[in-house]
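> Provided below: target-v6.cif, containing mmCIF, C-alpha atoms and all ligand atoms.
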```cif
data_final
#
loop_
_atom_site.label_atom_id
_atom_site.label_comp_id
_atom_site.auth_asym_id
_atom_site.auth_seq_id
_atom_site.Cartn_x
_atom_site.Cartn_y
_atom_site.Cartn_z
CA MET K 272 7.89 -30.26 -13.71
CA THR K 273 9.25 -26.75 -13.52
CA THR K 274 6.95 -23.83 -14.28
CA THR K 275 7.71 -21.87 -17.45
CA PHE K 276 7.58 -18.11 -17.81
CA GLN K 277 4.84 -18.54 -20.42
CA ALA K 278 2.67 -20.32 -17.86
CA ILE K 279 2.79 -17.40 -15.42
CA VAL K 280 2.04 -14.66 -17.97
CA PRO K 281 -1.77 -14.68 -17.49
CA THR K 282 -1.30 -13.99 -13.76
CA LEU K 283 1.32 -11.31 -14.40
CA GLU K 284 -1.04 -9.68 -16.87
CA ARG K 285 -3.59 -9.14 -14.11
CA GLN K 286 -1.13 -7.56 -11.70
CA ALA K 287 -2.07 -4.07 -10.58
CA ILE K 288 -0.22 -2.03 -7.98
CA GLU K 289 -1.84 1.12 -6.68
CA LEU K 290 0.40 4.15 -6.19
CA PRO K 291 0.10 6.55 -3.25
CA SER K 292 -0.39 10.18 -4.29
CA TRP K 293 1.85 11.22 -1.38
CA ALA K 294 4.84 9.39 -2.85
CA PHE K 295 5.08 12.16 -5.44
CA GLY K 296 5.13 15.01 -2.91
CA ASN K 297 8.18 16.03 -0.94
CA SER K 298 8.77 14.07 2.23
CA GLY K 299 11.49 13.73 4.79
CA THR K 300 12.04 13.18 8.45
CA ARG K 301 11.37 15.27 11.53
CA PHE K 302 14.81 16.76 10.87
CA LYS K 303 14.22 18.17 7.39
CA VAL K 304 12.11 17.92 4.28
CA PHE K 305 14.20 18.69 1.20
CA GLY K 306 12.48 19.91 -1.95
CA THR K 307 13.08 18.35 -5.37
CA PRO K 308 12.71 20.32 -8.62
CA GLY K 309 9.60 19.29 -10.54
CA THR K 310 7.65 18.12 -7.48
CA PRO K 311 3.87 18.34 -7.99
CA ARG K 312 2.03 21.28 -6.46
CA THR K 313 -1.50 19.93 -6.73
CA PRO K 314 -3.37 16.61 -6.54
CA GLN K 315 -3.80 16.88 -10.33
CA GLU K 316 -0.02 17.01 -10.82
CA LYS K 317 0.52 14.06 -8.44
CA ILE K 318 -1.94 12.05 -10.53
CA ALA K 319 -0.11 13.04 -13.72
CA ASP K 320 3.12 11.66 -12.23
CA ALA K 321 1.41 8.43 -11.21
CA ALA K 322 0.03 8.15 -14.75
CA LYS K 323 3.58 8.43 -16.12
CA VAL K 324 4.59 5.41 -14.01
CA HIS K 325 1.66 3.45 -15.42
CA GLU K 326 2.38 4.56 -19.00
CA LEU K 327 5.92 3.15 -18.75
CA THR K 328 5.22 -0.04 -16.79
CA GLY K 329 1.58 -1.03 -17.39
CA LEU K 330 1.54 -1.96 -13.71
CA ALA K 331 -0.04 0.94 -11.87
CA PRO K 332 -3.56 1.72 -13.10
CA ALA K 333 -4.80 3.40 -9.88
CA VAL K 334 -3.78 6.21 -7.55
CA ALA K 335 -4.66 6.26 -3.85
CA LEU K 336 -5.63 9.56 -2.29
CA HIS K 337 -5.13 10.79 1.27
CA VAL K 338 -7.84 13.10 2.56
CA PRO K 339 -7.40 15.99 3.32
CA TRP K 340 -3.88 15.98 1.82
CA ASP K 341 -5.53 15.68 -1.58
CA ALA K 342 -8.19 18.29 -1.01
CA VAL K 343 -10.15 19.39 -4.07
CA ASP K 344 -13.60 20.92 -4.44
CA ASP K 345 -14.73 18.44 -7.04
CA PHE K 346 -13.62 14.82 -6.64
CA ALA K 347 -15.65 13.67 -9.64
CA ALA K 348 -13.67 16.13 -11.78
CA LEU K 349 -10.45 14.80 -10.27
CA GLY K 350 -11.59 11.32 -11.26
CA ALA K 351 -12.23 12.53 -14.81
CA HIS K 352 -8.75 14.10 -14.84
CA ALA K 353 -7.29 10.71 -13.84
CA ASP K 354 -9.33 8.91 -16.51
CA GLY K 355 -8.04 11.32 -19.12
CA LEU K 356 -4.50 10.35 -18.16
CA GLY K 357 -5.22 6.62 -18.34
CA VAL K 358 -5.49 5.86 -14.62
CA ARG K 359 -8.27 5.84 -12.03
CA LEU K 360 -8.63 6.92 -8.44
CA GLY K 361 -8.26 4.08 -5.98
CA THR K 362 -8.21 3.75 -2.21
CA ILE K 363 -9.30 6.70 -0.12
CA ASN K 364 -7.08 6.99 2.96
CA SER K 365 -8.65 8.82 5.86
CA ASN K 366 -6.52 11.09 7.98
CA THR K 367 -7.24 11.72 11.65
CA PHE K 368 -3.70 12.33 12.78
CA GLN K 369 -2.92 15.95 12.07
CA ASP K 370 -5.85 17.99 13.34
CA ALA K 371 -5.18 19.46 16.80
CA ASP K 372 -8.40 17.91 18.14
CA TYR K 373 -6.85 14.45 17.73
CA LYS K 374 -4.01 15.00 20.19
CA PHE K 375 -5.42 12.30 22.49
CA GLY K 376 -7.01 10.09 19.86
CA SER K 377 -9.68 10.08 17.18
CA LEU K 378 -12.02 7.08 16.86
CA THR K 379 -10.99 6.02 20.38
CA HIS K 380 -11.10 9.46 22.02
CA VAL K 381 -12.77 9.70 25.44
CA ASP K 382 -14.71 12.79 24.34
CA ALA K 383 -17.79 11.94 22.27
CA ALA K 384 -17.52 15.23 20.35
CA VAL K 385 -14.03 14.36 19.06
CA ARG K 386 -15.16 10.85 18.17
CA ARG K 387 -18.11 12.39 16.30
CA LYS K 388 -15.74 14.62 14.33
CA ALA K 389 -13.50 11.65 13.45
CA ILE K 390 -16.46 9.48 12.43
CA ASP K 391 -17.86 12.33 10.31
CA HIS K 392 -14.51 12.62 8.53
CA HIS K 393 -14.84 8.96 7.55
CA LEU K 394 -18.43 9.49 6.39
CA ARG K 395 -17.11 12.31 4.17
CA CYS K 396 -14.46 9.91 2.83
CA ILE K 397 -17.23 7.47 1.90
CA GLU K 398 -19.06 10.25 0.04
CA ILE K 399 -15.83 10.98 -1.82
CA MET K 400 -15.55 7.29 -2.70
CA HIS K 401 -19.00 7.51 -4.30
CA GLU K 402 -17.82 10.51 -6.33
CA THR K 403 -14.57 8.87 -7.46
CA GLY K 404 -15.83 5.30 -7.83
CA SER K 405 -13.28 4.13 -5.25
CA THR K 406 -14.07 0.84 -3.57
CA ASP K 407 -11.74 0.95 -0.56
CA LEU K 408 -11.69 3.10 2.56
CA LYS K 409 -8.38 2.60 4.31
CA ILE K 410 -8.18 3.50 7.98
CA TRP K 411 -4.93 3.91 9.81
CA LEU K 412 -5.12 5.48 13.24
CA ALA K 413 -2.39 7.30 15.11
CA ASP K 414 -4.41 6.64 18.28
CA GLY K 415 -2.49 5.37 21.27
CA THR K 416 -0.77 6.48 24.47
CA ASN K 417 2.77 7.31 25.50
CA TYR K 418 2.76 6.29 29.15
CA PRO K 419 1.41 3.33 31.11
CA GLY K 420 -1.78 4.39 32.83
CA GLN K 421 -2.40 7.31 30.46
CA GLY K 422 -5.54 5.72 29.06
CA SER K 423 -7.79 2.74 29.61
CA LEU K 424 -6.64 0.23 27.01
CA ARG K 425 -9.94 -1.65 27.28
CA SER K 426 -12.28 1.36 27.00
CA ARG K 427 -10.36 2.69 24.02
CA GLN K 428 -10.79 -0.66 22.27
CA ASP K 429 -14.53 -0.64 23.00
CA ARG K 430 -14.93 2.91 21.67
CA LEU K 431 -12.95 1.95 18.57
CA ALA K 432 -15.36 -0.93 17.91
CA ASP K 433 -18.37 1.41 18.21
CA SER K 434 -16.85 4.06 15.93
CA LEU K 435 -15.86 1.51 13.29
CA ALA K 436 -19.36 -0.01 13.36
CA GLU K 437 -20.90 3.35 12.51
CA ILE K 438 -18.44 3.92 9.65
CA TYR K 439 -18.93 0.39 8.30
CA ALA K 440 -22.71 0.81 8.31
CA ALA K 441 -22.37 3.82 6.01
CA LEU K 442 -20.46 1.92 3.29
CA GLY K 443 -22.12 1.31 -0.06
CA GLU K 444 -22.78 -2.23 -1.21
CA HIS K 445 -19.60 -2.42 -3.29
CA GLN K 446 -17.37 -0.59 -0.86
CA ARG K 447 -14.93 -2.09 1.62
CA LEU K 448 -13.21 -0.98 4.80
CA VAL K 449 -9.58 -1.96 5.39
CA LEU K 450 -8.02 -1.44 8.81
CA GLU K 451 -4.25 -1.00 8.92
CA TYR K 452 -2.20 -1.88 12.00
CA LYS K 453 1.11 -0.53 13.28
CA PHE K 454 2.87 -1.39 16.50
CA PHE K 455 4.34 2.02 17.33
CA GLU K 456 4.61 5.66 16.23
CA PRO K 457 3.44 8.31 16.78
CA ALA K 458 2.36 6.72 20.07
CA PHE K 459 5.16 4.88 21.81
CA TYR K 460 3.64 3.01 24.76
CA HIS K 461 0.66 1.45 23.05
CA THR K 462 -1.22 1.92 19.81
CA ASP K 463 -4.91 1.05 19.55
CA VAL K 464 -4.46 -1.14 16.47
CA PRO K 465 -0.96 -2.48 17.02
CA ASP K 466 -1.06 -5.83 15.26
CA TRP K 467 -2.85 -8.07 12.76
CA GLY K 468 -4.73 -9.83 15.56
CA THR K 469 -6.34 -6.62 16.77
CA SER K 470 -7.18 -5.55 13.24
CA PHE K 471 -8.61 -9.02 12.59
CA VAL K 472 -10.76 -8.94 15.73
CA GLN K 473 -12.11 -5.49 14.88
CA VAL K 474 -12.84 -6.17 11.19
CA SER K 475 -14.33 -9.59 11.93
CA ALA K 476 -16.88 -7.92 14.21
CA LEU K 477 -17.88 -5.60 11.36
CA GLY K 478 -18.71 -7.99 8.55
CA ASP K 479 -17.76 -9.47 5.19
CA ARG K 480 -16.62 -6.22 3.61
CA ALA K 481 -14.11 -5.35 6.31
CA PHE K 482 -10.53 -6.53 5.95
CA THR K 483 -7.05 -6.07 7.35
CA CYS K 484 -4.37 -4.02 5.62
CA LEU K 485 -0.79 -5.23 6.07
CA ASP K 486 1.86 -2.52 5.78
CA THR K 487 5.20 -4.29 5.50
CA GLY K 488 6.95 -1.55 7.52
CA HIS K 489 4.71 -1.86 10.56
CA HIS K 490 6.21 -4.82 12.39
CA ALA K 491 8.87 -5.34 15.01
CA PRO K 492 12.26 -6.37 13.60
CA GLY K 493 12.44 -10.10 13.06
CA THR K 494 8.68 -10.56 12.65
CA ASN K 495 7.82 -13.36 10.24
CA ILE K 496 5.56 -11.26 8.00
CA GLU K 497 4.87 -14.05 5.52
CA PHE K 498 3.34 -16.08 8.33
CA ILE K 499 0.88 -13.24 8.98
CA VAL K 500 0.14 -13.13 5.25
CA MET K 501 -0.61 -16.85 5.26
CA GLN K 502 -2.85 -16.58 8.33
CA LEU K 503 -4.88 -13.62 7.05
CA LEU K 504 -5.35 -15.33 3.68
CA ARG K 505 -6.42 -18.50 5.47
CA LEU K 506 -8.99 -16.46 7.39
CA GLY K 507 -10.17 -14.62 4.26
CA LYS K 508 -9.32 -11.26 5.81
CA LEU K 509 -6.27 -10.04 3.92
CA GLY K 510 -7.67 -6.99 2.15
CA SER K 511 -4.60 -5.11 1.06
CA PHE K 512 -0.89 -4.51 1.28
CA ASP K 513 0.97 -1.28 1.82
CA PHE K 514 4.35 -2.23 0.36
CA ASN K 515 7.61 -0.56 1.32
CA SER K 516 10.88 -1.66 2.88
CA ARG K 517 12.65 -0.87 6.08
CA PHE K 518 16.03 -1.16 7.67
CA TYR K 519 15.04 0.17 11.09
CA ALA K 520 11.51 1.42 11.73
CA ASP K 521 8.71 2.61 9.43
CA ASP K 522 11.32 3.72 6.88
CA ASP K 523 8.95 3.74 3.85
CA LEU K 524 11.82 3.00 1.46
CA ILE K 525 11.48 1.38 -1.96
CA VAL K 526 9.84 -2.05 -1.67
CA GLY K 527 12.33 -4.83 -2.25
CA ALA K 528 15.30 -2.51 -1.66
CA ALA K 529 16.14 -3.59 1.87
CA ASP K 530 15.24 -7.27 1.71
CA PRO K 531 14.22 -8.69 -1.68
CA PHE K 532 14.13 -12.19 -0.20
CA GLN K 533 11.48 -11.13 2.32
CA LEU K 534 9.40 -9.68 -0.51
CA PHE K 535 9.76 -13.01 -2.33
CA ARG K 536 8.69 -14.96 0.76
CA ILE K 537 5.65 -12.73 1.21
CA LEU K 538 4.64 -13.12 -2.43
CA HIS K 539 5.20 -16.87 -2.24
CA GLU K 540 2.59 -17.02 0.53
CA VAL K 541 0.29 -14.73 -1.46
CA VAL K 542 0.48 -17.10 -4.43
CA ALA K 543 0.09 -20.19 -2.23
CA GLY K 544 -2.93 -18.69 -0.47
CA GLY K 545 -4.74 -17.76 -3.70
CA GLY K 546 -4.11 -14.04 -3.26
CA LEU K 547 -3.33 -13.62 -6.96
CA ASP K 548 -6.26 -15.70 -8.18
CA GLU K 549 -9.05 -14.05 -10.11
CA GLY K 550 -11.63 -12.63 -7.70
CA SER K 551 -9.18 -12.53 -4.80
CA PRO K 552 -9.93 -9.76 -2.27
CA VAL K 553 -6.24 -8.87 -1.96
CA ARG K 554 -5.19 -5.48 -3.38
CA PHE K 555 -1.62 -4.28 -3.72
CA MET K 556 -0.50 -0.77 -2.91
CA LEU K 557 2.74 1.06 -2.31
CA ASP K 558 3.10 3.26 0.77
CA GLN K 559 6.44 4.95 0.33
CA CYS K 560 8.23 8.25 0.69
CA HIS K 561 11.12 9.37 -1.46
CA ASN K 562 13.20 11.79 0.55
CA VAL K 563 16.42 11.97 -1.44
CA GLU K 564 15.75 10.10 -4.69
CA GLU K 565 13.66 11.28 -7.63
CA LYS K 566 10.08 10.24 -7.08
CA ILE K 567 8.81 9.03 -10.47
CA PRO K 568 11.79 6.69 -11.11
CA ALA K 569 11.55 5.52 -7.48
CA GLN K 570 7.95 4.48 -8.06
CA ILE K 571 8.89 2.83 -11.36
CA ARG K 572 11.65 0.86 -9.56
CA SER K 573 9.16 -0.12 -6.86
CA VAL K 574 6.48 -1.57 -9.11
CA LEU K 575 9.13 -3.39 -11.13
CA ASN K 576 10.53 -4.89 -7.90
CA VAL K 577 7.07 -6.17 -6.98
CA GLN K 578 6.59 -7.57 -10.48
CA GLU K 579 9.98 -9.32 -10.43
CA MET K 580 9.36 -10.96 -7.07
CA THR K 581 5.83 -11.92 -8.11
CA ALA K 582 7.23 -13.63 -11.20
CA ARG K 583 9.81 -15.50 -9.12
CA ALA K 584 7.15 -16.55 -6.59
CA LEU K 585 4.93 -17.78 -9.43
CA LEU K 586 7.84 -19.85 -10.75
CA VAL K 587 8.06 -21.96 -7.58
CA ASP K 588 7.58 -25.59 -8.57
CA ARG K 589 4.65 -26.21 -6.24
CA ALA K 590 4.28 -29.92 -7.03
CA ALA K 591 7.97 -30.56 -6.27
CA LEU K 592 7.65 -28.46 -3.12
CA ALA K 593 4.63 -30.45 -1.90
CA THR K 594 6.44 -33.74 -2.53
CA ALA K 595 9.58 -32.61 -0.72
CA GLN K 596 7.49 -31.39 2.22
CA GLN K 597 5.56 -34.66 2.36
CA GLU K 598 8.79 -36.66 2.37
CA HIS K 599 10.46 -34.47 5.02
CA ASP K 600 13.11 -33.59 2.47
CA VAL K 601 14.13 -30.50 4.36
CA LEU K 602 16.91 -29.30 2.09
CA GLY K 603 15.09 -30.43 -1.06
CA ALA K 604 12.06 -28.31 -0.15
CA ASN K 605 14.27 -25.35 0.65
CA ASP K 606 16.06 -25.85 -2.70
CA VAL K 607 12.78 -25.65 -4.60
CA LEU K 608 12.09 -22.23 -3.09
CA MET K 609 15.64 -20.98 -3.52
CA ASP K 610 15.73 -22.11 -7.17
CA ALA K 611 12.78 -19.87 -7.90
CA PHE K 612 14.18 -17.02 -5.83
CA HIS K 613 17.49 -17.15 -7.70
CA THR K 614 15.88 -17.16 -11.15
CA ASP K 615 16.70 -13.97 -13.01
CA VAL K 616 13.36 -13.06 -14.55
CA ARG K 617 14.47 -9.63 -15.77
CA PRO K 618 15.26 -10.62 -19.40
CA ALA K 619 11.94 -12.47 -19.78
CA LEU K 620 10.01 -9.57 -18.28
CA ALA K 621 11.80 -7.07 -20.55
CA GLU K 622 10.92 -9.15 -23.60
CA TRP K 623 7.32 -9.51 -22.47
CA ARG K 624 7.04 -5.77 -21.86
CA ALA K 625 8.36 -5.01 -25.34
CA ALA K 626 5.84 -7.43 -26.84
CA ARG K 627 3.05 -5.45 -25.11
CA GLY K 628 4.26 -2.15 -26.54
CA LEU K 629 5.89 -1.05 -23.29
CA PRO K 630 9.52 0.00 -22.95
CA ALA K 631 11.72 -3.03 -22.27
CA ASP K 632 13.56 -0.93 -19.69
CA PRO K 633 11.09 1.57 -18.18
CA LEU K 634 13.69 3.30 -15.99
CA ARG K 635 15.96 3.91 -18.92
CA ALA K 636 13.06 5.06 -21.08
CA TYR K 637 12.14 7.56 -18.37
CA ALA K 638 15.68 8.83 -18.00
CA GLU K 639 16.08 9.23 -21.76
CA SER K 640 12.71 10.93 -22.22
CA GLY K 641 13.85 14.14 -20.52
CA HIS K 642 10.51 14.20 -18.70
CA GLN K 643 12.06 15.03 -15.32
CA ARG K 644 13.80 18.11 -16.76
CA LEU K 645 10.56 19.21 -18.40
CA LEU K 646 8.69 18.94 -15.08
CA ALA K 647 11.38 20.97 -13.32
CA GLU K 648 11.05 23.66 -15.99
CA GLN K 649 7.26 23.66 -16.00
CA ARG K 650 6.53 23.43 -12.31
CA THR K 651 7.78 26.71 -11.06
CA GLY K 652 5.82 28.97 -8.77
CA GLY K 653 3.32 27.78 -6.21
CA ALA K 654 4.07 25.54 -3.27
CA GLN K 655 5.36 22.02 -3.81
CA ALA K 656 3.18 19.34 -2.28
CA GLY K 657 4.60 17.83 0.86
CA TRP K 658 3.85 14.86 3.08
CA GLY K 659 0.92 16.39 4.88
CA ALA K 660 -0.29 18.95 2.34
C1 LIG X 1 1.20 5.16 8.76
C2 LIG X 1 0.99 4.92 7.30
C3 LIG X 1 -0.48 4.90 6.94
C4 LIG X 1 -0.67 6.32 6.51
C5 LIG X 1 0.59 6.52 5.70
C6 LIG X 1 0.91 7.90 5.27
O1 LIG X 1 2.54 4.99 9.13
O2 LIG X 1 1.63 3.74 6.90
O3 LIG X 1 -0.74 4.03 5.86
O4 LIG X 1 -1.85 6.54 5.82
O5 LIG X 1 1.57 5.97 6.54
MN MN X 2 0.71 2.40 5.44
MN MN X 3 3.59 3.58 7.81
#
```
Please rewrite the model in this file as structure tokens.
Ligand code: LRH
Ligand code: MN
Ligand code: MN


Amino acid sequence: MTTTFQAIVPTLERQAIELPSWAFGNSGTRFKVFGTPGTPRTPQEKIADAAKVHELTGLAPAVALHVPWDAVDDFAALGAHADGLGVRLGTINSNTFQDADYKFGSLTHVDAAVRRKAIDHHLRCIEIMHETGSTDLKIWLADGTNYPGQGSLRSRQDRLADSLAEIYAALGEHQRLVLEYKFFEPAFYHTDVPDWGTSFVQVSALGDRAFTCLDTGHHAPGTNIEFIVMQLLRLGKLGSFDFNSRFYADDDLIVGAADPFQLFRILHEVVAGGGLDEGSPVRFMLDQCHNVEEKIPAQIRSVLNVQEMTARALLVDRAALATAQQEHDVLGANDVLMDAFHTDVRPALAEWRAARGLPADPLRAYAESGHQRLLAEQRTGGAQAGWGA
């Protein structure tokens, strides 16, 4: 029996995709950061742009902050500002990769004073989480080395475990720690949390409220990411996704733009592993940069891409798939997946959106609203926010 669109609506209704505040600031490459008219100048303006995405899609009720990129005196007031715009503050991302003291590492540093400073930054992030009501502390470390022999791989791992244990112990009862991995950059010989296995080992040693974060751009080309998704779900340690897409490295392009089929395969494993069930620990976030395209429509496109692929993954006829797998019907099983992948869910989603009082075509509604022009007119003076400030 094939699954109907109606049957998947309750799951789609629960879908929430957190937006990164930094997606609304200017970003670029080491060659150049180009400015875009209307770019936010403050954390408050970034949140307003995220709220616009939610207003038009109903898909993005939370905004993740990066500290200290989103530095304000009063985080509770920033939370109230978000509430007033119909969104809330989500994940707090720590940042130990730009201060000069972290040149040779942060939580893994050989010098106890630098480690202390990095741990204290995380303790401050936890305080901020109490002020904003955020539940997740996301840690991504730039720690690593550039040359064989530069550091003791083993000692760095041991120091990381100690530092993480102190941070974890400071979490409130309803707070979680998610540890993101990345196999290269900015360090190019080794990174201290290069892969899901290392993240899994470290978070498993911490406890039940520590999980792994999977950023889709952080794997070597050809990696079977959906396998990792399955394994982490199986182990109960998939805490969150940073969605984006890549052609080459950590490109941070619009999710689903480079390889929609990969996004489908990932979401198929999420559905199969219960990641979309009520009470699932899995949270969904974008981690993207928009260097040449307008940022608000880029985020709208992104959340719609995730929604479309989620719908297609939910449409997989799981009973038929199980039967085909059981009977070694290789092509039959593959057909079941491909049938769902090739289903155009856009008309049904447009109709469903309209029925919920949302624009049937959010991108068009945004373009026709003139909002972008208004922002460009209003946001003059002051410095535009950039990736890193
Ligand atoms: C590192 C990363 C991590 C950071 C973000 C800005 O490449 O994916 O999530 O916090 O980029
Ligand atoms: Mn990331
Ligand atoms: Mn990244």

> I'd like the neighbourhood of K:Ala278 as a VMD selection string, where a residue qualifies if any of its atoms comes within 12 Å (using all atoms listed in the file), though same-chain residues fewer than 3 positions away should be ignored.

chain K and resid 272 to 275 281 to 284 582 585 to 588

> Can you pull out the residues contacting stretch 285-299 of chain K? Cut-off 9 Å, using all atoms listed in the file, and skip same-chain residues under 6 positions away; I want them as a tab-separated table (two decimals) with C-alpha atoms, in the coordinates of the input.


```tsv
chain	number	residue	atom	x	y	z
K	305	PHE	CA	14.20	18.69	1.20
K	306	GLY	CA	12.48	19.91	-1.95
K	307	THR	CA	13.08	18.35	-5.37
K	310	THR	CA	7.65	18.12	-7.48
K	311	PRO	CA	3.87	18.34	-7.99
K	312	ARG	CA	2.03	21.28	-6.46
K	314	PRO	CA	-3.37	16.61	-6.54
K	316	GLU	CA	-0.02	17.01	-10.82
K	317	LYS	CA	0.52	14.06	-8.44
K	318	ILE	CA	-1.94	12.05	-10.53
K	320	ASP	CA	3.12	11.66	-12.23
K	321	ALA	CA	1.41	8.43	-11.21
K	324	VAL	CA	4.59	5.41	-14.01
K	329	GLY	CA	1.58	-1.03	-17.39
K	330	LEU	CA	1.54	-1.96	-13.71
K	331	ALA	CA	-0.04	0.94	-11.87
K	332	PRO	CA	-3.56	1.72	-13.10
K	333	ALA	CA	-4.80	3.40	-9.88
K	334	VAL	CA	-3.78	6.21	-7.55
K	335	ALA	CA	-4.66	6.26	-3.85
K	336	LEU	CA	-5.63	9.56	-2.29
K	337	HIS	CA	-5.13	10.79	1.27
K	340	TRP	CA	-3.88	15.98	1.82
K	341	ASP	CA	-5.53	15.68	-1.58
K	361	GLY	CA	-8.26	4.08	-5.98
K	362	THR	CA	-8.21	3.75	-2.21
K	547	LEU	CA	-3.33	-13.62	-6.96
K	549	GLU	CA	-9.05	-14.05	-10.11
K	554	ARG	CA	-5.19	-5.48	-3.38
K	555	PHE	CA	-1.62	-4.28	-3.72
K	556	MET	CA	-0.50	-0.77	-2.91
K	557	LEU	CA	2.74	1.06	-2.31
K	558	ASP	CA	3.10	3.26	0.77
K	559	GLN	CA	6.44	4.95	0.33
K	560	CYS	CA	8.23	8.25	0.69
K	561	HIS	CA	11.12	9.37	-1.46
K	562	ASN	CA	13.20	11.79	0.55
K	563	VAL	CA	16.42	11.97	-1.44
K	565	GLU	CA	13.66	11.28	-7.63
K	566	LYS	CA	10.08	10.24	-7.08
K	567	ILE	CA	8.81	9.03	-10.47
K	570	GLN	CA	7.95	4.48	-8.06
K	574	VAL	CA	6.48	-1.57	-9.11
K	577	VAL	CA	7.07	-6.17	-6.98
K	578	GLN	CA	6.59	-7.57	-10.48
K	581	THR	CA	5.83	-11.92	-8.11
K	655	GLN	CA	5.36	22.02	-3.81
K	656	ALA	CA	3.18	19.34	-2.28
K	657	GLY	CA	4.60	17.83	0.86
K	658	TRP	CA	3.85	14.86	3.08
K	659	GLY	CA	0.92	16.39	4.88
K	660	ALA	CA	-0.29	18.95	2.34
```

> Just the number, please: distance in Å from atom CA of K:Leu602 to atom CA of K:Gln502, one decimal.

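Value for the atom CA of K:Leu602-atom CA of K:Gln502 distance: 24.3 Å.
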
> For stretch 428-434 of chain K, find every residue with an atom within 6 Å (counting only C-alpha atoms), except residues of its own chain fewer than 2 positions away, and show them as a PyMOL selection string.

chain K and resi 378-379+425-426+436-437

> Give me, as CSV, each residue of chain K that comes within 8 Å of ligand MN 3 (chain X), together with its shortest interatomic pair and the distance in Å at one decimal, counting all atoms listed in the file, with rows ordered by chain and rising residue number.


```
residue,atom,partner,partner_atom,distance
K:Lys453,CA,X:MN3,MN,7.3
K:Asp486,CA,X:MN3,MN,6.7
K:Gly488,CA,X:MN3,MN,6.1
K:His489,CA,X:MN3,MN,6.2
K:Asp521,CA,X:MN3,MN,5.5
K:Asp522,CA,X:MN3,MN,7.8
K:Asp523,CA,X:MN3,MN,6.7
K:Asp558,CA,X:MN3,MN,7.1
```

> Since fewer atoms than expected are present, regenerate N, CA and C atoms for stretch 551-563 of chain K and write them as a PDB file, keeping the file's coordinate frame.


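Wrote it out as out-v8.pdb, contents follow:
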```pdb
ATOM      1  N   SER K 551      -9.760 -12.628  -6.146  1.00  0.00           N
ATOM      2  CA  SER K 551      -9.180 -12.530  -4.800  1.00  0.00           C
ATOM      3  C   SER K 551      -9.441 -11.147  -4.206  1.00  0.00           C
ATOM      4  N   PRO K 552      -9.682 -11.073  -2.889  1.00  0.00           N
ATOM      5  CA  PRO K 552      -9.930  -9.760  -2.270  1.00  0.00           C
ATOM      6  C   PRO K 552      -8.648  -8.953  -2.034  1.00  0.00           C
ATOM      7  N   VAL K 553      -7.495  -9.542  -2.310  1.00  0.00           N
ATOM      8  CA  VAL K 553      -6.240  -8.870  -1.960  1.00  0.00           C
ATOM      9  C   VAL K 553      -5.874  -7.802  -2.989  1.00  0.00           C
ATOM     10  N   ARG K 554      -5.636  -6.571  -2.506  1.00  0.00           N
ATOM     11  CA  ARG K 554      -5.190  -5.480  -3.380  1.00  0.00           C
ATOM     12  C   ARG K 554      -3.768  -5.087  -2.983  1.00  0.00           C
ATOM     13  N   PHE K 555      -3.027  -4.600  -3.956  1.00  0.00           N
ATOM     14  CA  PHE K 555      -1.620  -4.280  -3.720  1.00  0.00           C
ATOM     15  C   PHE K 555      -1.405  -2.774  -3.866  1.00  0.00           C
ATOM     16  N   MET K 556      -0.760  -2.206  -2.883  1.00  0.00           N
ATOM     17  CA  MET K 556      -0.500  -0.770  -2.910  1.00  0.00           C
ATOM     18  C   MET K 556       0.904  -0.489  -2.420  1.00  0.00           C
ATOM     19  N   LEU K 557       1.486   0.591  -2.894  1.00  0.00           N
ATOM     20  CA  LEU K 557       2.740   1.060  -2.310  1.00  0.00           C
ATOM     21  C   LEU K 557       2.406   2.097  -1.257  1.00  0.00           C
ATOM     22  N   ASP K 558       3.196   2.149  -0.195  1.00  0.00           N
ATOM     23  CA  ASP K 558       3.100   3.260   0.770  1.00  0.00           C
ATOM     24  C   ASP K 558       4.530   3.670   1.047  1.00  0.00           C
ATOM     25  N   GLN K 559       5.018   4.609   0.265  1.00  0.00           N
ATOM     26  CA  GLN K 559       6.440   4.950   0.330  1.00  0.00           C
ATOM     27  C   GLN K 559       6.642   6.456   0.315  1.00  0.00           C
ATOM     28  N   CYS K 560       7.832   6.853   0.746  1.00  0.00           N
ATOM     29  CA  CYS K 560       8.230   8.250   0.690  1.00  0.00           C
ATOM     30  C   CYS K 560       9.618   8.301   0.057  1.00  0.00           C
ATOM     31  N   HIS K 561       9.824   9.274  -0.795  1.00  0.00           N
ATOM     32  CA  HIS K 561      11.120   9.370  -1.460  1.00  0.00           C
ATOM     33  C   HIS K 561      11.778  10.685  -1.060  1.00  0.00           C
ATOM     34  N   ASN K 562      12.626  10.595  -0.056  1.00  0.00           N
ATOM     35  CA  ASN K 562      13.200  11.790   0.550  1.00  0.00           C
ATOM     36  C   ASN K 562      14.363  12.357  -0.250  1.00  0.00           C
ATOM     37  N   VAL K 563      15.200  11.483  -0.777  1.00  0.00           N
ATOM     38  CA  VAL K 563      16.420  11.970  -1.440  1.00  0.00           C
ATOM     39  C   VAL K 563      16.499  11.552  -2.901  1.00  0.00           C
TER      40      VAL K 563
END
```
